[in-house]
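Structure file query06.txt with compact mmCIF, C-alpha atoms and all ligand atoms:
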```txt
# COMPACT_ATOMS: atom_id res chain seq x y z
CA MET S 1 26.23 134.32 136.54
CA LYS S 2 27.51 131.29 138.41
CA HIS S 3 31.07 131.50 139.54
CA LYS S 4 31.58 127.91 140.53
CA LEU S 5 33.93 127.25 137.63
CA LEU S 6 35.93 130.41 138.08
CA PRO S 7 38.64 129.12 140.43
CA ILE S 8 39.50 126.33 138.02
CA ALA S 9 39.57 128.67 135.07
CA VAL S 10 41.75 131.13 136.94
CA LEU S 11 44.17 128.41 137.96
CA ALA S 12 44.40 127.12 134.40
CA LEU S 13 45.06 130.60 133.12
CA ALA S 14 47.66 131.33 135.76
CA GLY S 15 49.47 128.10 135.02
CA ALA S 16 49.53 128.88 131.33
CA VAL S 17 50.79 132.43 131.31
CA ALA S 18 51.81 133.72 134.72
CA THR S 19 55.52 134.23 134.21
CA PRO S 20 56.99 136.99 136.37
CA ALA S 21 57.42 139.33 133.38
CA MET S 22 53.75 139.07 132.53
CA ALA S 23 52.58 139.45 136.11
CA GLN S 24 50.72 142.68 135.38
CA PHE S 25 48.68 141.14 132.57
CA ALA S 26 46.87 137.84 132.59
CA LYS S 27 47.30 137.32 128.88
CA ALA S 28 49.00 138.83 125.85
CA LYS S 29 45.76 140.35 124.60
CA ASP S 30 45.36 142.25 127.88
CA ALA S 31 48.81 143.78 127.45
CA GLN S 32 48.05 144.70 123.83
CA GLU S 33 44.76 146.34 124.79
CA TYR S 34 46.42 148.20 127.65
CA ARG S 35 49.19 149.71 125.51
CA GLU S 36 46.78 150.57 122.69
CA ALA S 37 44.41 152.27 125.14
CA ALA S 38 47.32 154.25 126.61
CA MET S 39 48.48 155.27 123.11
CA THR S 40 44.93 156.31 122.23
CA LEU S 41 44.72 158.55 125.29
CA MET S 42 48.15 160.04 124.52
CA ALA S 43 46.99 160.78 120.97
CA SER S 44 43.85 162.47 122.30
CA HIS S 45 45.68 164.73 124.72
CA PHE S 46 48.44 165.46 122.24
CA GLY S 47 46.18 166.02 119.24
CA ARG S 48 43.85 168.43 121.01
CA MET S 49 46.70 170.97 121.17
CA LEU S 50 47.19 171.00 117.41
CA PRO S 51 44.66 173.79 116.74
CA VAL S 52 46.61 175.97 119.18
CA VAL S 53 49.89 175.13 117.46
CA LYS S 54 48.28 176.01 114.12
CA GLY S 55 47.02 179.30 115.51
CA GLN S 56 43.36 178.35 114.97
CA VAL S 57 42.62 178.54 118.69
CA PRO S 58 44.17 181.19 120.99
CA TYR S 59 47.01 180.07 123.24
CA ASP S 60 45.72 179.64 126.78
CA LYS S 61 48.76 179.14 128.98
CA GLU S 62 46.94 177.48 131.88
CA LYS S 63 44.95 175.09 129.71
CA ILE S 64 48.03 173.97 127.81
CA LYS S 65 50.03 173.57 130.99
CA GLU S 66 47.28 171.41 132.49
CA ASN S 67 46.98 169.29 129.38
CA VAL S 68 50.74 168.78 129.12
CA ALA S 69 50.76 167.64 132.75
CA ILE S 70 48.14 165.01 131.91
CA LEU S 71 50.13 163.99 128.83
CA ASN S 72 53.21 163.52 131.02
CA VAL S 73 51.33 160.99 133.14
CA LEU S 74 49.94 159.22 130.08
CA ALA S 75 53.44 159.10 128.56
CA THR S 76 54.56 156.79 131.37
CA LEU S 77 51.86 154.21 130.67
CA PRO S 78 52.20 152.34 127.36
CA TRP S 79 55.63 150.78 127.94
CA ALA S 80 54.67 148.21 130.56
CA GLY S 81 52.18 146.96 127.99
CA PHE S 82 55.01 145.82 125.72
CA ALA S 83 55.71 142.99 128.12
CA PRO S 84 57.73 139.95 127.06
CA GLY S 85 55.43 137.42 125.47
CA SER S 86 52.86 140.01 124.38
CA GLU S 87 53.98 140.23 120.76
CA GLY S 88 51.21 141.15 118.38
CA GLY S 89 48.59 143.85 118.12
CA LYS S 90 49.87 146.45 115.68
CA ALA S 91 53.37 146.31 117.10
CA LYS S 92 56.17 144.96 114.93
CA ASP S 93 58.18 142.07 116.30
CA ASP S 94 61.15 144.48 116.28
CA VAL S 95 59.87 145.84 119.61
CA TRP S 96 60.98 142.55 121.16
CA LEU S 97 63.84 141.76 118.76
CA ASP S 98 65.48 145.16 119.22
CA PRO S 99 64.71 146.22 122.80
CA ASP S 100 67.61 148.71 122.87
CA GLY S 101 66.35 150.53 119.81
CA PHE S 102 62.82 150.56 121.20
CA LYS S 103 64.12 151.94 124.49
CA GLN S 104 66.06 154.64 122.62
CA ALA S 105 62.88 155.67 120.80
CA GLN S 106 61.14 155.96 124.18
CA ASP S 107 64.02 158.03 125.56
CA LYS S 108 63.81 160.37 122.57
CA PHE S 109 60.09 160.76 123.18
CA HIS S 110 60.57 161.48 126.89
CA ALA S 111 63.31 164.02 126.13
CA SER S 112 61.00 165.81 123.70
CA MET S 113 58.21 165.75 126.30
CA LYS S 114 60.57 167.43 128.77
CA LYS S 115 61.12 170.31 126.36
CA LEU S 116 57.38 170.58 125.76
CA THR S 117 56.78 170.72 129.52
CA THR S 118 59.41 173.41 130.06
CA ALA S 119 57.89 175.54 127.31
CA ALA S 120 54.33 174.99 128.54
CA ASP S 121 55.27 175.80 132.13
CA ALA S 122 57.02 178.98 131.01
CA GLY S 123 54.04 179.98 128.88
CA ASP S 124 56.37 180.43 125.92
CA TYR S 125 54.15 179.99 122.86
CA ASP S 126 56.94 179.90 120.27
CA ALA S 127 58.99 177.36 122.22
CA PHE S 128 55.79 175.36 122.80
CA ARG S 129 55.14 175.16 119.05
CA VAL S 130 58.69 174.03 118.30
CA ALA S 131 58.61 171.45 121.11
CA PHE S 132 55.20 170.19 119.96
CA GLY S 133 56.72 169.51 116.54
CA ASP S 134 59.61 167.61 118.14
CA VAL S 135 57.25 165.43 120.15
CA ALA S 136 55.24 164.69 117.00
CA LYS S 137 58.46 163.68 115.25
CA SER S 138 59.39 161.33 118.09
CA CYS S 139 55.94 159.66 117.95
CA LYS S 140 56.29 159.26 114.21
CA SER S 141 59.84 157.97 114.16
CA CYS S 142 58.99 155.27 116.69
CA HIS S 143 55.89 154.32 114.71
CA ASP S 144 57.94 154.17 111.50
CA SER S 145 60.26 151.61 113.09
CA TYR S 146 58.05 149.70 115.51
CA ARG S 147 54.42 149.94 114.45
CA GLN S 148 52.94 148.05 111.54
CA LYS S 149 51.91 150.16 108.58
CA LYS S 150 48.18 150.69 108.22
CA LYS S 151 46.67 148.65 105.47
C1 LIG I 1 58.78 154.27 121.54
C2 LIG I 1 57.76 154.01 120.54
C3 LIG I 1 56.50 154.82 120.46
C4 LIG I 1 56.31 156.14 120.76
C5 LIG I 1 57.32 157.17 121.25
C6 LIG I 1 54.94 156.42 120.50
N1 LIG I 1 54.29 155.30 120.06
FE1 LIG I 1 52.35 155.16 119.55
N2 LIG I 1 52.57 153.16 119.18
C7 LIG I 1 53.76 152.48 119.24
C8 LIG I 1 53.52 151.08 118.91
C9 LIG I 1 54.57 149.99 118.85
C10 LIG I 1 52.15 150.96 118.65
C11 LIG I 1 51.37 149.67 118.28
C12 LIG I 1 50.86 149.02 119.58
C13 LIG I 1 50.00 147.80 119.36
O1 LIG I 1 49.05 147.86 118.55
O2 LIG I 1 50.27 146.78 120.01
C14 LIG I 1 51.58 152.29 118.81
C15 LIG I 1 50.24 152.61 118.63
C16 LIG I 1 49.71 153.89 118.66
C17 LIG I 1 48.33 154.22 118.36
C18 LIG I 1 47.25 153.23 117.93
C19 LIG I 1 46.55 152.65 119.15
C20 LIG I 1 45.51 151.62 118.76
O3 LIG I 1 44.41 151.62 119.33
O4 LIG I 1 45.79 150.77 117.91
C21 LIG I 1 48.22 155.58 118.48
C22 LIG I 1 46.97 156.40 118.27
C23 LIG I 1 49.51 156.09 118.90
N3 LIG I 1 50.39 155.03 118.98
C24 LIG I 1 49.78 157.43 119.14
C25 LIG I 1 51.00 157.90 119.60
C26 LIG I 1 51.28 159.29 119.86
C27 LIG I 1 50.31 160.44 119.65
C28 LIG I 1 52.57 159.36 120.30
C29 LIG I 1 53.36 160.57 120.73
C30 LIG I 1 52.70 161.55 121.54
C31 LIG I 1 53.09 158.00 120.30
N4 LIG I 1 52.11 157.16 119.87
C32 LIG I 1 54.36 157.67 120.69
C33 LIG I 1 54.98 153.00 119.57
C34 LIG I 1 55.23 154.30 120.00
```
Can the structure in the file be given as structure tokens, please?
Amino acid sequence: MKHKLLPIAVLALAGAVATPAMAQFAKAKDAQEYREAAMTLMASHFGRMLPVVKGQVPYDKEKIKENVAILNVLATLPWAGFAPGSEGGKAKDDVWLDPDGFKQAQDKFHASMKKLTTAADAGDYDAFRVAFGDVAKSCKSCHDSYRQKKK
């Protein structure tokens, strides 16, 4: 690979899209891929606890606690990906048209994650199951409002 042309390409790109709000992502597609990747990881770490919630796999306090800690880190990630100017992907335009509502949906999610963390840290299986259901509801209610329906 020759990189002679790269500086020009980079300059052109920067001139086209480098507004301060988009500083973390070179282009809209990068932001979309970032938030979708973060959501995918959240879904993996959330979904793997479902068999425990359903009673199909025994409750292992330490394993759940560890996984919830990872989920807490992942839960901080997607939001920067909804940067101004990155409309598209499977997100509805309402994310950008109704930023307060979108923020409220995030807050609801973080509040439910807090309850899940408390329950997981305490090793309280019943509270963990209830809190898991609340987190699932907060994922779903945000998706209902801000994610495009699957076709
Ligand atoms: C505050 C809103 C909000 C919350 C809370 C939320 N999501 Fe999302 N999620 C979205 C939006 C918007 C998209 C579409 C993003 C895109 O395609 O640009 C999305 C996309 C996804 C995707 C698809 C990713 C892809 O590759 O297309 C998965 C999976 C997902 N979310 C899982 C979850 C799970 C699991 C939770 C809860 C643990 C959750 N989400 C919480 C808004 C939210």
What's around stretch 51-54 of chain S at 10 Å? Count all atoms listed in the file, leave out sequence neighbours fewer than 4 positions away in its own chain, and write the answer as number ranges by chain. S: 47, 58-60, 64, 125-126, 128-130, 132-133
In Å, with one decimal, what is the gap from atom CA of S:Ser138 to atom N2 of ligand LIG 1 (chain I)?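 So the two atoms, atom CA of S:Ser138 and atom N2 of ligand LIG 1 (chain I), lie 10.7 Å apart.
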Which protein, DNA or RNA residues are at most 7 Å from (61.9, 149.3, 117.6) in the file's coordinates when you count all atoms listed in the file, listed as a PyMOL selection string? chain S and resi 94-95+98-99+101-102+142+145-146
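Distances from S:Ile70, S:Met39, S:Ala28, S:Ala80 to ligand LIG 1 (chain I) were compared using all atoms listed in the file, and the smallest one belongs to S:Met39.
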For ligand LIG 1 (chain I), return the neighbouring residues as a count of residues only (distance at most 8 Å; all atoms listed in the file). 44
Quick one: pull the distance between atom CA of S:Asp93 and atom CA of S:Gly81, Å, one decimal. 14.0 Å
Please compute the atom CA of S:Ala120-atom CA of S:Met49 distance, one decimal, in Å.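 Computing the Euclidean distance for atom CA of S:Ala120 and atom CA of S:Met49 yields 11.3 Å.
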